[in-house]
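To start, the structure itself, in structure tokens.
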Amino acid sequence: MAKVHRSIEERLPYNRMMYYQTHPVEFVEDWIFHVDAASNGGEFSISPHQIELLNAVANHKRVAVKSGHGCGKTSSLAWLAIWWLSCFSRARVIATAPSLPQLKSVLWPELAIWLNRSLLKDYFDLTATRLYLIENREESFAELRTASKEESLQGIHAGNLLLIMDEASGIDDSIHIMLKGALTRANNKIVQVGNPVRTSGYFFDAFHKFPGRWDLHTFNSEDSPIVEKEYVDDMLEMWGRMHTIFRVRVLGEFPLGDPDSFIALEDVEQAVIRGYSRDGTMYDGIPEIGVDVARKGDDLTVICVRVGYHVLPLVTREKTTIPEVAAMVIMEVQKIRELTGYQDIIKIKIDDTGVGGGVSDILDLNRNDNIEVIPVNFGGAGNKQYENEASWMWGNFKSQLPHVTLPDDRHLTEELAARRWEMSMRERTMIEPKRKFKKDYKRSPDRADAVILAFASKQNERRVLKHFDPVGEEIVDSEKEYGGLMYCSIYYSKDMLVSAIWARWDGRNLTITNEFVGSDSEIVPYITNYGPYKKVIGNDKMFSKTGDDLYWQYNKYGIYVTENYGYDEFGAMQCMGKMTQNKTLRILNNCVDTISQMRNWSIVDKNQRELSRENGLCYAILHLLSDLKPLTAPRPQPLPVQYAFDDNIGRRKSINSGFMGI
């Protein structure tokens with residue numbers, strides 16, 4: 001077992017501490033890298049950017065660094081914390097970032113790695129939020145403090161104080177000002193580092209409004225030996241040197257303010273920062289899913305699951321088949337139900353053009369997972385403000401972005417911030433076509449499109465009944481007797497397929513008790529087994545003008561059918577929608593075909609005509625509702641007109657009766 005020294009001075013004498021106080025680079029090489037330092041033939045070395053940062057903190061009170069990606073700033077901050085606590089007595093280090101989880105997931109793991117490699121690890125105790133010097137736990141420590149609230153950063157004072165602000169561009173200005181005011185002693189220092197994503201705020205002002213007060217540094221990823229050249233080349237090929245994303249991610253420069261970008265990079269970054277602070281075990285809101293289906297080549301199939309405004313890490317896969325994508329979606333539905341406990345309908349919004357239509361078709365047939373498929377056409381019609389549906393959806397997402405939390409996904413951030421817009425000939429906002437984006441940037445914005453779909457405030461335009469829920473309260477669990485009068489409604493499609501429903505009407509609730517789909521010869525025993533009827537209703541195809549009327553075939557069996565002369569299809573649809581919404585249209589569980597047809601009753605062609613064959617049971621209910629008129633004000637009704645066949649004259653005759661029997 002390694003010997004634990006009581007005082008760090010036994011290992012690092014005072015005179016050596018004094019030397020290292022002004023030589024942090026040598027401290028890192030001697031005590032953190034030690035035998036692994038390149039100067040000793042090891043594998044670890046300090047990059048020029050890191051040397052620049054370490055020396056800047058040693059020699060200046062205020063240091064600000066804007067940096068491209070991968071330049072080693074997080075490692076440098078970890079080294080600074082260990083150096084400060086080791087070389088200064090009664091020292092304190094306060095590390096802050098836009099959110100505490102951000103610090104815990106980035107800076108603190110880096111600190112743990114380098115502390116465990118150092119020669120001084122036995123003198124420290126590392127917890128989830130604090131690093132203590134064991135010999136003086138109360139006065140020498142580093143701790144994490146969130147920058148989301150001023151109260152959490154109150155009372156910061158010490159003779160030897162180092163304030164570390166990571167991802168400083170995302171920290172609120174009030175926090176910057178308060179921390180700056182804490183530098184009241186001679187050896188109080190502050191260092192703020194981050195990607196320069198915002199063109200406003202205190203971090204931006206340090207480089208532009210108050211440059212004389214700060215020791216300023218810019219780290220260009222192109223100049224760093226620890227940044228992979230392939231990363232820089234890829235970013236250059238994809239975005240070009242003048243693009244905002246290349247400036248921020250590689251050059252370490254603030255955005256120029258691209259007027260063609262529809263969503264500002266800083267707004268996307270703020271959503272990512274909010275995502276860090278989100279408790280991953282708590283989800284508020286209704287889950288919804290967006291699916292962008294890959295078409296070919298290097299495109300990705302991307303599934304975006306959101307719960308309220310919280311976007312979960314995206315699911316991506318290359319080279320998928322249509323059945324594979326459908327299976328992936330159902331898997332995500334099941335996962336989010338298990339995670340949130342949400343059991344109601346989950347909307348699945350799919351780019352329905354191209355191969356996405358096949359995924360929509362498969363998921364439309366799903367009867368087990370309580371989902372609603374909403375096909376979306378990015379090239380569809382827009383409105384007075386937006387040129388097309390894609391532009392409208394992007395605008396809709398942009399309006400919600402201040403509330404959204406996004407996962408830390410570099411590709412997603414870039415795609416959301418890089419999409420450009422222009423004014424159309426009709427002076428409407430128009431997002432650039434995906435093909436142009438892909439041509440210019442050598443990639444498809446699949447991740448962004450999936451997120452946009454997940455947030456699309458879109459109803460299923462093809463679905464007739466927006467509020468019908470096959471597992472809701474309107475489905476009654478037993479076939480017990482219901483009050484009211486018995487009705488039968490029969491619908492003949494153009495190809496003479498017979499669909500029939502049996503129902504009871506009590507003046508408020510209509511309960512569908514049984515169903516039939518088949519030929520006219522097969523239905524007769526079903527009709528004769530039920531009764532007595534208040535009325536048997538048929539559509540106009542049963543009453544042809546040829547003399548060979550279908551109602552006569554029923555009349556032979558003693559079944560008297562009434563044609564619904566006042567059939568109002570649109571009014572009956574509205575009535576059905578209201579009744580399914582307020583739970584007064586109820587369907588027994590044994591009516592599985594009726595439930596299925598109503599659940600998936602959709603407009604299928606450009607003329608918005610429904611396929612009557614596939615939805616015959618729905619139309620049977622429409623004819624019944626049109627006859628009952630349940631949502632109209634009560635008024636005196638004449639006796640129902642019934643028809644029987646007069647053998648003498650070969651045509652229908654009317655008979656008045658309060659009851660139609662068989």
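We name chains A, B, ... following the order of the structure tokens; residues begin at 1 in each chain, and ligands are numbered from 1 as shown.
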Counting only C-alpha atoms, which residues of range 341-395 of chain A sit at most 12 Å from some atom of range 313-320 of chain A, and what is each one's closest atom pair with its distance in Å to one decimal, listed by chain and rising residue number, as JSON lines?
{"residue": "A:Val355", "atom": "CA", "partner": "A:Thr320", "partner_atom": "CA", "distance": 10.5}
{"residue": "A:Gly356", "atom": "CA", "partner": "A:Thr320", "partner_atom": "CA", "distance": 11.4}
{"residue": "A:Val359", "atom": "CA", "partner": "A:Thr320", "partner_atom": "CA", "distance": 11.1}
Expected answer as a ChimeraX atom specification: helix (DSSP H, G or I) residues in range 305-544 of chain A: /A:322-340,356-364,389-403,410-418,434-441,446-454,520-529,540-542
Within 6 Å of range 179-194 of chain A using only C-alpha atoms, minus same-chain residues under 6 positions, as a list in words: Lys61, Arg62, Val63, Ala64, Val65, Lys66, Ser67, Gly159, Asn160, Leu161, Leu162, Leu163, Ile164, Met165, Asp166, Glu167 and Ala168 of chain A
Please, could you write that set of residues out with N, CA and C atoms as a PDB file, in the first residue's frame?
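And here's again-v4.pdb as it stands now:
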ATOM      1  N   LYS A  61      -4.368  38.415 -14.069  1.00  0.00           N
ATOM      2  CA  LYS A  61      -5.502  38.287 -13.157  1.00  0.00           C
ATOM      3  C   LYS A  61      -6.762  37.822 -13.881  1.00  0.00           C
ATOM      4  N   ARG A  62      -6.951  38.300 -15.117  1.00  0.00           N
ATOM      5  CA  ARG A  62      -8.128  37.944 -15.908  1.00  0.00           C
ATOM      6  C   ARG A  62      -7.683  37.397 -17.256  1.00  0.00           C
ATOM      7  N   VAL A  63      -8.129  36.188 -17.573  1.00  0.00           N
ATOM      8  CA  VAL A  63      -7.750  35.528 -18.820  1.00  0.00           C
ATOM      9  C   VAL A  63      -9.025  35.058 -19.524  1.00  0.00           C
ATOM     10  N   ALA A  64      -9.122  35.331 -20.823  1.00  0.00           N
ATOM     11  CA  ALA A  64     -10.256  34.868 -21.629  1.00  0.00           C
ATOM     12  C   ALA A  64      -9.724  34.161 -22.864  1.00  0.00           C
ATOM     13  N   VAL A  65     -10.272  32.982 -23.148  1.00  0.00           N
ATOM     14  CA  VAL A  65      -9.802  32.173 -24.273  1.00  0.00           C
ATOM     15  C   VAL A  65     -10.999  31.731 -25.097  1.00  0.00           C
ATOM     16  N   LYS A  66     -11.028  32.100 -26.371  1.00  0.00           N
ATOM     17  CA  LYS A  66     -12.013  31.541 -27.305  1.00  0.00           C
ATOM     18  C   LYS A  66     -11.287  30.492 -28.134  1.00  0.00           C
ATOM     19  N   SER A  67     -11.955  29.357 -28.295  1.00  0.00           N
ATOM     20  CA  SER A  67     -11.231  28.202 -28.825  1.00  0.00           C
ATOM     21  C   SER A  67     -12.073  27.429 -29.817  1.00  0.00           C
ATOM     22  N   GLY A 159      -8.122  34.170  -0.004  1.00  0.00           N
ATOM     23  CA  GLY A 159      -6.881  34.862  -0.350  1.00  0.00           C
ATOM     24  C   GLY A 159      -6.292  34.362  -1.640  1.00  0.00           C
ATOM     25  N   ASN A 160      -6.353  33.047  -1.841  1.00  0.00           N
ATOM     26  CA  ASN A 160      -5.865  32.428  -3.072  1.00  0.00           C
ATOM     27  C   ASN A 160      -7.063  31.775  -3.764  1.00  0.00           C
ATOM     28  N   LEU A 161      -7.653  32.504  -4.678  1.00  0.00           N
ATOM     29  CA  LEU A 161      -8.900  32.076  -5.320  1.00  0.00           C
ATOM     30  C   LEU A 161      -8.733  32.038  -6.831  1.00  0.00           C
ATOM     31  N   LEU A 162      -9.088  30.898  -7.419  1.00  0.00           N
ATOM     32  CA  LEU A 162      -9.078  30.747  -8.875  1.00  0.00           C
ATOM     33  C   LEU A 162     -10.496  30.424  -9.328  1.00  0.00           C
ATOM     34  N   LEU A 163     -11.072  31.282 -10.175  1.00  0.00           N
ATOM     35  CA  LEU A 163     -12.402  31.064 -10.741  1.00  0.00           C
ATOM     36  C   LEU A 163     -12.259  30.546 -12.160  1.00  0.00           C
ATOM     37  N   ILE A 164     -12.838  29.387 -12.425  1.00  0.00           N
ATOM     38  CA  ILE A 164     -12.791  28.760 -13.749  1.00  0.00           C
ATOM     39  C   ILE A 164     -14.191  28.789 -14.340  1.00  0.00           C
ATOM     40  N   MET A 165     -14.327  29.391 -15.503  1.00  0.00           N
ATOM     41  CA  MET A 165     -15.620  29.458 -16.185  1.00  0.00           C
ATOM     42  C   MET A 165     -15.506  28.696 -17.507  1.00  0.00           C
ATOM     43  N   ASP A 166     -16.071  27.490 -17.535  1.00  0.00           N
ATOM     44  CA  ASP A 166     -16.028  26.662 -18.739  1.00  0.00           C
ATOM     45  C   ASP A 166     -17.265  26.932 -19.586  1.00  0.00           C
ATOM     46  N   GLU A 167     -17.113  26.846 -20.905  1.00  0.00           N
ATOM     47  CA  GLU A 167     -18.190  27.192 -21.842  1.00  0.00           C
ATOM     48  C   GLU A 167     -18.774  28.554 -21.468  1.00  0.00           C
ATOM     49  N   ALA A 168     -17.887  29.519 -21.335  1.00  0.00           N
ATOM     50  CA  ALA A 168     -18.252  30.830 -20.798  1.00  0.00           C
ATOM     51  C   ALA A 168     -19.257  31.571 -21.658  1.00  0.00           C
TER      52      ALA A 168
END
Residue nearest Thr127 in chain A - candidates A:Arg249, A:Asp30, A:Trp108, A:Met331, atoms counted: only C-alpha atoms: A:Trp108
Using only C-alpha atoms: which of A:Gly518, A:Gly558, A:Gly72, A:Gly358 has the shortest distance to Ser221 in chain A: A:Gly72
Minimum-distance residue to Glu43 in chain A, chosen among A:Val197, A:Ile512, A:Lys335, A:Glu29 (using only C-alpha atoms): A:Glu29
Minimum-distance residue to Ser118 in chain A, chosen among A:Val451, A:Ala264, A:Val28, A:Val272 (using only C-alpha atoms): A:Val28
Test item: residues at most 10 Å from range 495-507 of chain A, only C-alpha atoms, excluding those fewer than 5 positions along its chain, as a PyMOL selection string: chain A and resi 481-490+512-523+526-527+530-531+533-534+536-538+541-542+585-588+591+594+612-621+624+628+630-631
Filtered DSSP result for range 164-235 of chain A, state strand (DSSP E or B), as a PyMOL selection string: chain A and resi 164-165+187-194+215-219
